[in-house]
>>> print(open('final-v7.csv').read())   # CSV, C-alpha atoms
chain,number,residue,atom,x,y,z
O,545,CYS,CA,15.2,8.3,1.5
O,546,ILE,CA,11.7,7.3,2.2
O,547,ASN,CA,8.9,5.8,0.0
O,548,VAL,CA,5.1,5.8,0.4
O,549,HIS,CA,4.1,2.4,-1.0
O,550,PRO,CA,0.4,2.0,-2.0
O,551,ALA,CA,-0.2,-1.2,-0.1
O,552,ILE,CA,0.5,-2.9,3.2
O,553,LEU,CA,4.1,-4.1,3.5
O,554,PRO,CA,5.6,-6.6,3.7
O,555,LEU,CA,2.6,-8.4,2.3
O,556,TYR,CA,2.4,-6.6,-1.1
O,557,ARG,CA,5.7,-5.6,-2.5
O,558,GLY,CA,6.1,-4.5,-6.1
O,559,ALA,CA,3.7,-3.3,-8.8
O,560,SER,CA,-0.1,-3.1,-8.8
O,561,SER,CA,-0.1,-3.6,-5.1
O,562,THR,CA,-3.4,-1.9,-4.4
O,563,GLU,CA,-5.0,-4.1,-7.1
O,564,TRP,CA,-3.4,-7.3,-5.7
O,565,SER,CA,-4.7,-6.4,-2.3
O,566,ILE,CA,-8.2,-6.0,-3.6
O,567,TYR,CA,-7.9,-9.2,-5.8
O,568,ASN,CA,-6.9,-11.2,-2.7
O,569,SER,CA,-9.6,-9.6,-0.5
O,570,ASP,CA,-7.0,-8.0,1.8
O,571,ARG,CA,-7.0,-4.7,3.5
O,572,VAL,CA,-6.0,-1.6,1.4
O,573,GLY,CA,-3.7,1.1,2.7
O,574,ASN,CA,-0.3,2.8,2.5
O,575,THR,CA,3.1,2.0,4.0
O,576,VAL,CA,5.8,4.6,4.6
O,577,HIS,CA,9.2,2.9,4.7
O,578,PHE,CA,12.9,3.7,4.3
O,579,MET,CA,14.3,2.6,1.0
O,580,ASN,CA,17.3,0.2,0.9
O,581,LYS,CA,19.0,-1.8,-1.8
O,582,ASN,CA,16.1,-4.3,-1.9
O,583,TYR,CA,12.7,-3.8,-3.5
O,584,ASP,CA,10.2,-2.5,-1.0
O,585,GLU,CA,12.0,-4.1,1.9
O,586,GLY,CA,13.3,-1.1,3.9
O,587,PRO,CA,12.4,-0.6,7.5
O,588,ILE,CA,8.7,0.3,8.0
O,589,ILE,CA,8.0,3.7,9.5
O,590,LYS,CA,4.2,3.7,9.5
O,591,ILE,CA,1.2,1.8,8.0
O,592,GLU,CA,-2.2,3.3,7.4
O,593,TYR,CA,-5.3,1.2,6.6
O,594,TYR,CA,-8.4,2.5,4.8
O,595,LYS,CA,-12.0,1.5,4.8
O,596,PHE,CA,-14.4,2.1,2.0
O,597,SER,CA,-18.2,2.0,1.7
O,598,LYS,CA,-19.8,-0.6,-0.5
O,599,LYS,CA,-20.7,2.2,-2.9
O,600,THR,CA,-17.0,3.1,-3.5
O,601,LYS,CA,-16.0,2.4,-7.1
O,602,TYR,CA,-12.6,1.0,-8.1
O,603,TYR,CA,-11.1,4.2,-9.5
O,604,ASP,CA,-12.2,6.1,-6.3
O,605,ILE,CA,-10.3,3.5,-4.2
O,606,ARG,CA,-7.2,3.9,-6.3
O,607,ARG,CA,-7.4,7.7,-6.2
O,608,THR,CA,-8.0,7.7,-2.5
O,609,VAL,CA,-5.0,5.5,-1.8
O,610,TYR,CA,-2.6,7.8,-3.7
O,611,GLU,CA,-4.1,11.1,-2.3
O,612,LYS,CA,-3.9,9.7,1.3
O,613,GLY,CA,-0.4,8.5,0.5
O,614,ILE,CA,0.7,12.0,-0.3
O,615,ASN,CA,-0.7,13.3,3.0
O,616,LEU,CA,0.8,10.4,4.9
O,617,GLY,CA,4.2,11.0,3.4
O,618,LEU,CA,4.1,14.7,4.3
O,619,GLN,CA,2.9,14.0,7.9
O,620,THR,CA,5.6,11.4,8.3
O,621,LEU,CA,8.4,13.6,7.1
O,622,SER,CA,7.2,16.5,9.3
O,623,TYR,CA,7.0,14.2,12.4
O,624,MET,CA,10.4,12.7,11.7
O,625,GLN,CA,12.0,16.1,11.3
O,626,LYS,CA,10.5,17.4,14.5
O,627,ASN,CA,11.4,14.3,16.5
O,628,LYS,CA,14.8,13.6,14.9
O,629,LEU,CA,14.0,9.9,14.6
O,630,ASP,CA,16.7,7.3,14.0
O,631,HIS,CA,16.0,5.0,11.0
O,632,ARG,CA,17.5,2.1,12.9
O,633,LYS,CA,14.6,2.1,15.4
O,634,PHE,CA,11.9,1.1,12.9
O,635,LYS,CA,10.4,-2.3,12.1
O,636,ILE,CA,12.7,-4.4,10.0
O,637,GLN,CA,10.9,-6.4,7.3
O,638,SER,CA,11.6,-10.1,7.0
O,639,LYS,CA,12.5,-11.2,3.5
O,640,ASN,CA,10.3,-14.3,4.1
O,641,GLU,CA,7.1,-12.3,4.6
O,642,GLY,CA,5.0,-11.3,1.7
O,643,LYS,CA,6.2,-11.4,-1.9
O,644,ILE,CA,7.0,-9.1,-4.8
O,645,TYR,CA,4.1,-8.8,-7.2
O,646,LYS,CA,4.4,-8.1,-10.9
O,647,PRO,CA,2.0,-5.8,-12.7
O,648,ILE,CA,-1.5,-7.3,-12.5
O,649,PRO,CA,-2.6,-8.8,-15.8
O,650,ASN,CA,-5.4,-7.0,-17.7
O,651,LYS,CA,-7.8,-9.9,-17.3
O,652,LYS,CA,-7.5,-9.8,-13.5
O,653,LEU,CA,-7.7,-5.9,-13.5
O,654,LYS,CA,-11.0,-6.1,-15.4
O,655,PHE,CA,-12.2,-8.7,-12.9
O,656,ILE,CA,-11.3,-6.4,-10.0
O,657,ILE,CA,-13.0,-3.3,-11.5
O,658,ASN,CA,-16.2,-5.2,-12.3
O,659,LYS,CA,-16.3,-6.9,-8.8
O,660,VAL,CA,-15.7,-3.6,-6.9
O,661,ASN,CA,-18.0,-1.6,-9.1
O,662,LYS,CA,-20.8,-4.2,-8.8
O,663,TYR,CA,-20.5,-5.5,-5.2
O,664,GLY,CA,-18.3,-2.9,-3.5
O,665,TYR,CA,-15.2,-3.4,-1.5
O,666,ILE,CA,-14.7,-3.2,2.3
>>> encode(input="final-v7.csv", output="structure tokens")
Amino acid sequence: CINVHPAILPLYRGASSTEWSIYNSDRVGNTVHFMNKNYDEGPIIKIEYYKFSKKTKYYDIRRTVYEKGINLGLQTLSYMQKNKLDHRKFKIQSKNEGKIYKPIPNKKLKFIINKVNKYGYI
């Protein structure tokens, strides 16, 4: 089973990962990975990074990440099916990299929305 995670793994495991990426001024994107018994720790298949103009608002960033994630997931599945890829050949994540984030608190979410909507995010 694969998952499209709305952030860059292994840096941002867990919930509100797009928001935590923005809050920490890191790059925003999606990661396709195999699922395993550990939370967001399965082997990485593909990572896609996104750039946004300074005029892009918070909700547009969030929507874009999820829309692009759907397309990335479909492209990845199609590629894997055509090429009969073996899951054992993908990048294994280190448990020591990144961390699991909890849902972002409302106070920090409001800060992110105001910051992005006022100054932009790149």
>>> closest_residue(input="final-v7.csv", among="O:Ile605, O:Ile614, O:Ile566, O:Leu553", to="O:Lys590", atoms="all atoms listed in the file")
O:Leu553
>>> atom_distance(input="final-v7.csv", atom1="atom CA of O:Lys652", atom2="atom CA of O:Tyr567")
7.7 Å
>>> residues_near_point(input="final-v7.csv", point="(-6.5, -1.9, -11.2)", cutoff="8 Å", atoms="only C-alpha atoms", output="CSV table (one decimal) with C-alpha atoms, in the frame of the given file")
chain,number,residue,atom,x,y,z
O,560,SER,CA,-0.1,-3.1,-8.8
O,562,THR,CA,-3.4,-1.9,-4.4
O,563,GLU,CA,-5.0,-4.1,-7.1
O,602,TYR,CA,-12.6,1.0,-8.1
O,603,TYR,CA,-11.1,4.2,-9.5
O,606,ARG,CA,-7.2,3.9,-6.3
O,648,ILE,CA,-1.5,-7.3,-12.5
O,653,LEU,CA,-7.7,-5.9,-13.5
O,654,LYS,CA,-11.0,-6.1,-15.4
O,656,ILE,CA,-11.3,-6.4,-10.0
O,657,ILE,CA,-13.0,-3.3,-11.5
>>> closest_residue(input="final-v7.csv", among="O:Lys601, O:Ser622, O:Asn615, O:Glu641", to="O:Lys659", atoms="only C-alpha atoms")
O:Lys601
>>> closest_residue(input="final-v7.csv", among="O:Lys651, O:Trp564, O:Cys545, O:Leu621", to="O:Lys581", atoms="only C-alpha atoms")
O:Cys545
>>> residues_around(input="final-v7.csv", residues="O:Ile552", least_positions_apart="2", cutoff="10 Å", atoms="only C-alpha atoms", output="count of residues only")
21
>>> atom_distance(input="final-v7.csv", atom1="atom CA of O:Phe596", atom2="atom CA of O:Val609")
10.7 Å
>>> atom_distance(input="final-v7.csv", atom1="atom CA of O:Ala559", atom2="atom CA of O:Phe634")
23.6 Å
>>> residues_around(input="final-v7.csv", residues="O:Gln637", least_positions_apart="5", cutoff="7 Å", atoms="only C-alpha atoms", output="mmCIF file with C-alpha atoms, in the coordinates of the input")
data_model
loop_
_atom_site.group_PDB
_atom_site.id
_atom_site.type_symbol
_atom_site.label_atom_id
_atom_site.label_comp_id
_atom_site.auth_asym_id
_atom_site.auth_seq_id
_atom_site.Cartn_x
_atom_site.Cartn_y
_atom_site.Cartn_z
ATOM 1 C CA PRO O 554 5.600 -6.600 3.700
ATOM 2 C CA GLU O 585 12.000 -4.100 1.900
ATOM 3 C CA GLY O 586 13.300 -1.100 3.900
ATOM 4 C CA PRO O 587 12.400 -0.600 7.500
#
>>> closest_residue(input="final-v7.csv", among="O:Lys595, O:Thr600, O:Gly617, O:Tyr583", to="O:Tyr645", atoms="all atoms listed in the file")
O:Tyr583
>>> closest_residue(input="final-v7.csv", among="O:Ser638, O:Ser597, O:Asn547, O:Asn658", to="O:Met579", atoms="only C-alpha atoms")
O:Asn547
>>> closest_residue(input="final-v7.csv", among="O:Pro647, O:Val548, O:Gly558, O:Tyr665", to="O:Leu616", atoms="only C-alpha atoms")
O:Val548
>>> decode(input="final-v7.csv", residues="stretch 602-614 of chain O", atoms="N, CA, C and O atoms", output="PDB file, in the first residue's frame")
ATOM      1  N   TYR O 602      -2.513  31.324   1.895  1.00  0.00           N
ATOM      2  CA  TYR O 602      -2.387  30.072   2.641  1.00  0.00           C
ATOM      3  C   TYR O 602      -3.306  28.979   2.110  1.00  0.00           C
ATOM      4  O   TYR O 602      -2.874  27.855   1.858  1.00  0.00           O
ATOM      5  N   TYR O 603      -4.598  29.277   1.965  1.00  0.00           N
ATOM      6  CA  TYR O 603      -5.543  28.239   1.549  1.00  0.00           C
ATOM      7  C   TYR O 603      -5.243  27.735   0.142  1.00  0.00           C
ATOM      8  O   TYR O 603      -5.510  26.580  -0.182  1.00  0.00           O
ATOM      9  N   ASP O 604      -4.669  28.583  -0.703  1.00  0.00           N
ATOM     10  CA  ASP O 604      -4.274  28.150  -2.041  1.00  0.00           C
ATOM     11  C   ASP O 604      -3.069  27.208  -1.975  1.00  0.00           C
ATOM     12  O   ASP O 604      -2.970  26.262  -2.754  1.00  0.00           O
ATOM     13  N   ILE O 605      -2.164  27.463  -1.049  1.00  0.00           N
ATOM     14  CA  ILE O 605      -1.023  26.555  -0.861  1.00  0.00           C
ATOM     15  C   ILE O 605      -1.537  25.183  -0.434  1.00  0.00           C
ATOM     16  O   ILE O 605      -1.180  24.159  -1.007  1.00  0.00           O
ATOM     17  N   ARG O 606      -2.377  25.177   0.557  1.00  0.00           N
ATOM     18  CA  ARG O 606      -2.914  23.911   1.083  1.00  0.00           C
ATOM     19  C   ARG O 606      -3.676  23.149   0.005  1.00  0.00           C
ATOM     20  O   ARG O 606      -3.488  21.948  -0.167  1.00  0.00           O
ATOM     21  N   ARG O 607      -4.536  23.839  -0.729  1.00  0.00           N
ATOM     22  CA  ARG O 607      -5.303  23.198  -1.805  1.00  0.00           C
ATOM     23  C   ARG O 607      -4.367  22.639  -2.876  1.00  0.00           C
ATOM     24  O   ARG O 607      -4.522  21.508  -3.330  1.00  0.00           O
ATOM     25  N   THR O 608      -3.365  23.422  -3.242  1.00  0.00           N
ATOM     26  CA  THR O 608      -2.414  23.000  -4.276  1.00  0.00           C
ATOM     27  C   THR O 608      -1.662  21.744  -3.857  1.00  0.00           C
ATOM     28  O   THR O 608      -1.485  20.822  -4.666  1.00  0.00           O
ATOM     29  N   VAL O 609      -1.214  21.694  -2.617  1.00  0.00           N
ATOM     30  CA  VAL O 609      -0.479  20.515  -2.136  1.00  0.00           C
ATOM     31  C   VAL O 609      -1.345  19.263  -2.277  1.00  0.00           C
ATOM     32  O   VAL O 609      -0.886  18.226  -2.764  1.00  0.00           O
ATOM     33  N   TYR O 610      -2.610  19.346  -1.899  1.00  0.00           N
ATOM     34  CA  TYR O 610      -3.476  18.168  -1.973  1.00  0.00           C
ATOM     35  C   TYR O 610      -3.855  17.829  -3.412  1.00  0.00           C
ATOM     36  O   TYR O 610      -3.900  16.647  -3.784  1.00  0.00           O
ATOM     37  N   GLU O 611      -4.110  18.825  -4.250  1.00  0.00           N
ATOM     38  CA  GLU O 611      -4.422  18.547  -5.656  1.00  0.00           C
ATOM     39  C   GLU O 611      -3.228  17.909  -6.356  1.00  0.00           C
ATOM     40  O   GLU O 611      -3.370  16.931  -7.088  1.00  0.00           O
ATOM     41  N   LYS O 612      -2.044  18.477  -6.142  1.00  0.00           N
ATOM     42  CA  LYS O 612      -0.841  17.919  -6.759  1.00  0.00           C
ATOM     43  C   LYS O 612      -0.534  16.534  -6.190  1.00  0.00           C
ATOM     44  O   LYS O 612       0.002  15.672  -6.886  1.00  0.00           O
ATOM     45  N   GLY O 613      -0.887  16.319  -4.934  1.00  0.00           N
ATOM     46  CA  GLY O 613      -0.686  15.010  -4.319  1.00  0.00           C
ATOM     47  C   GLY O 613      -1.511  13.927  -4.998  1.00  0.00           C
ATOM     48  O   GLY O 613      -1.034  12.801  -5.193  1.00  0.00           O
ATOM     49  N   ILE O 614      -2.741  14.248  -5.367  1.00  0.00           N
ATOM     50  CA  ILE O 614      -3.589  13.291  -6.080  1.00  0.00           C
ATOM     51  C   ILE O 614      -2.937  12.921  -7.410  1.00  0.00           C
ATOM     52  O   ILE O 614      -2.805  11.740  -7.745  1.00  0.00           O
TER      53      ILE O 614
END
